[in-house]
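> This is the structure I want to talk about, given as structure tokens.
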Amino acid sequence: MIDQATRDAFGQLLVVHYLRARGARVIIANQATWIGSWERYRPDVVYISWIGGMMKDILKLRHKPEIALMDQEGGRLGEVAFKRSFFRANDDKADLGRHGSLAFAWGHVHKKWIGELGLLPIEKVLVTGSPRLDPYIDAEPARRRYIGVTLRGDAVTSVPLNFVRNIFEYASLGPEDWFSVGYPQKAQQEDRIWHIAAGMRYIFKMLIHVRRHTDTPIVLRPGPWERHDMYEFITEKIKGISIEPTMSQLDYVRNAHVVIDECSSLGLEAILVGTPVVSAQDLIPRLEEHIGGGKDAGLFNAPYKKSYWLPKSVEEAGELIIRAIGSKLPTVPDPGSTAEYLANFHSWPRSRPSSFQIGDALLELAATRVHAHKRHFVTTPQTPPVSSFERLKSILYRHAPGSVYLVKLQMSLRFLFSPDRKHLRKYHYMAMVYPHGKKVRDLFNRLKTRGERGLTSRAAAHRDA
């Protein structure tokens, strides 16, 4: 299952290519097609995102495969935020972990934290790093042409019609609940909206200031869930600015002189290709009042912030950006702390791609199931009642050859005619509209060739010894 096309697809497709190269049959599903694909193709293993909201559907499915889990967020915000993500209000992420046969962790700290939570046996948690970073193993030359601007206004821009509805939904939360792992327990929905508006305002102030001092092109990259058309007005306000919502993350960070950000973890990928990140976070007055306060303030105390340049004024930010354009700004302020963070949280650097290691583990899990004829999935005595409509869908998926394609056809029609079609194409993975399929194939072939050369070199060294 590819949960999010912009964020996850590139790395997840590397896993697909590896499995297919090893002879496995792989079915790719997305958020709309995973239930039908699960019932129709009855896989030995399903590899899905470790997120909440899935168990209510999984428990109704008749086919019980092995479940392998990947937390796509990776616990990048630290221990408190990571552990809290399993116990949010009305969430079943912890239950999904207990039903899993295997879980992949980005770093050793995450494996330790999962073990402390007791969600599944620690030997079933493998430290693999993230396939999202695999492209950075393959060093291609950078063609630095622009200033990159990473935006994360999702709570405001993703579905504007639900703005008031979201306030109503969060009004029912009690003082013991968190509405987001990135914010402290005291924070409310209005604090998140305040944070997004303040961060966006200071990023815009930085852009207005920078444009007075350089004609270097500026590229805006909206977040994975954002409606990028909400930013189109700015192309008329600032000269030489464009919006690139579908550019691959690799190309975006590699070809930028510098990335302007507030607190997004995409900046870590920029650092891996030598692109410095200038954050607006320390420019925002009263930020701590809204999203700070102790170890549970995830975005405010994000451990990767030490890797970003944190100017105290718009003028200082402008100076840093101009230095970066002239290749005179070091990639990070403190290389030692950055290296420590990447090693502990991302198992980086690494010689073998995460996607290959994950592929091996999935193949081994499938082989164990096939040979042992074992159904590891633990069913619960309180299986949710299944409606007549759901039962009919299950029968169609299992026994009608083409039934899954009806869901795909429905999505295709929405991609073509829905008023939200641009947003849907960016968010949901479908091969026919995914723009980076060839890039993924080419990268996989280079990584595969690189690995084969490494094996040959090691074998030759062993013979010589």
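Every chain in the structure tokens has a letter given in the order shown (A, B, ...), and although residue numbers restart at 1 in each chain, ligands are simply numbered from 1 in the order shown.
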Counting only C-alpha atoms, what is within 12 Å of A:Val164, bar same-chain residues fewer than 4 positions away, as an mmCIF file with C-alpha atoms, in the first residue's frame?

data_model
loop_
_atom_site.group_PDB
_atom_site.id
_atom_site.type_symbol
_atom_site.label_atom_id
_atom_site.label_comp_id
_atom_site.auth_asym_id
_atom_site.auth_seq_id
_atom_site.Cartn_x
_atom_site.Cartn_y
_atom_site.Cartn_z
ATOM 1 C CA ALA A 155 -4.386 22.166 8.359
ATOM 2 C CA VAL A 156 -5.501 25.341 6.574
ATOM 3 C CA VAL A 159 -9.530 20.862 2.545
ATOM 4 C CA PRO A 160 -10.632 24.460 3.193
ATOM 5 C CA PHE A 168 -15.946 21.269 15.881
ATOM 6 C CA GLU A 169 -14.359 17.796 15.895
ATOM 7 C CA TYR A 170 -11.456 18.897 18.086
ATOM 8 C CA ALA A 171 -13.855 20.613 20.491
ATOM 9 C CA GLN A 189 -6.616 23.700 17.222
ATOM 10 C CA GLU A 190 -6.370 27.507 17.301
ATOM 11 C CA ILE A 193 -3.758 27.519 12.995
#
> Take atom CA of A:Ile291 and atom CA of A:Gly107 and report the distance between them in Å, one decimal.
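A separation of 26.0 Å between them.
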> Kindly indicate which residue among A:Asp360, A:Glu262, A:Glu269, A:Asp57 lies nearest to A:Arg152, using only C-alpha atoms for the distances.
A:Glu262
> Check the DSSP output for the backbone and give back, as number ranges by chain, the residues of stretch 159-343 of chain A in strand (DSSP E or B).
A: 218-221, 241-243, 256-261, 277-279, 309
> Between A:Ala297, A:Met206, A:Ala366, A:Val332, which is the closest to A:Lys186 once you count only C-alpha atoms?
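Checking each candidate against A:Lys186, we get A:Ala297 as the closest.
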> Quick one: pick out all helix (DSSP H, G or I) residues within stretch 192-382 of chain A from a backbone DSSP run and write them as a PyMOL selection string.
chain A and resi 192-211+228-231+234-237+249-254+266-272+281-283+287-291+303-307+314-325+335-346+354-372
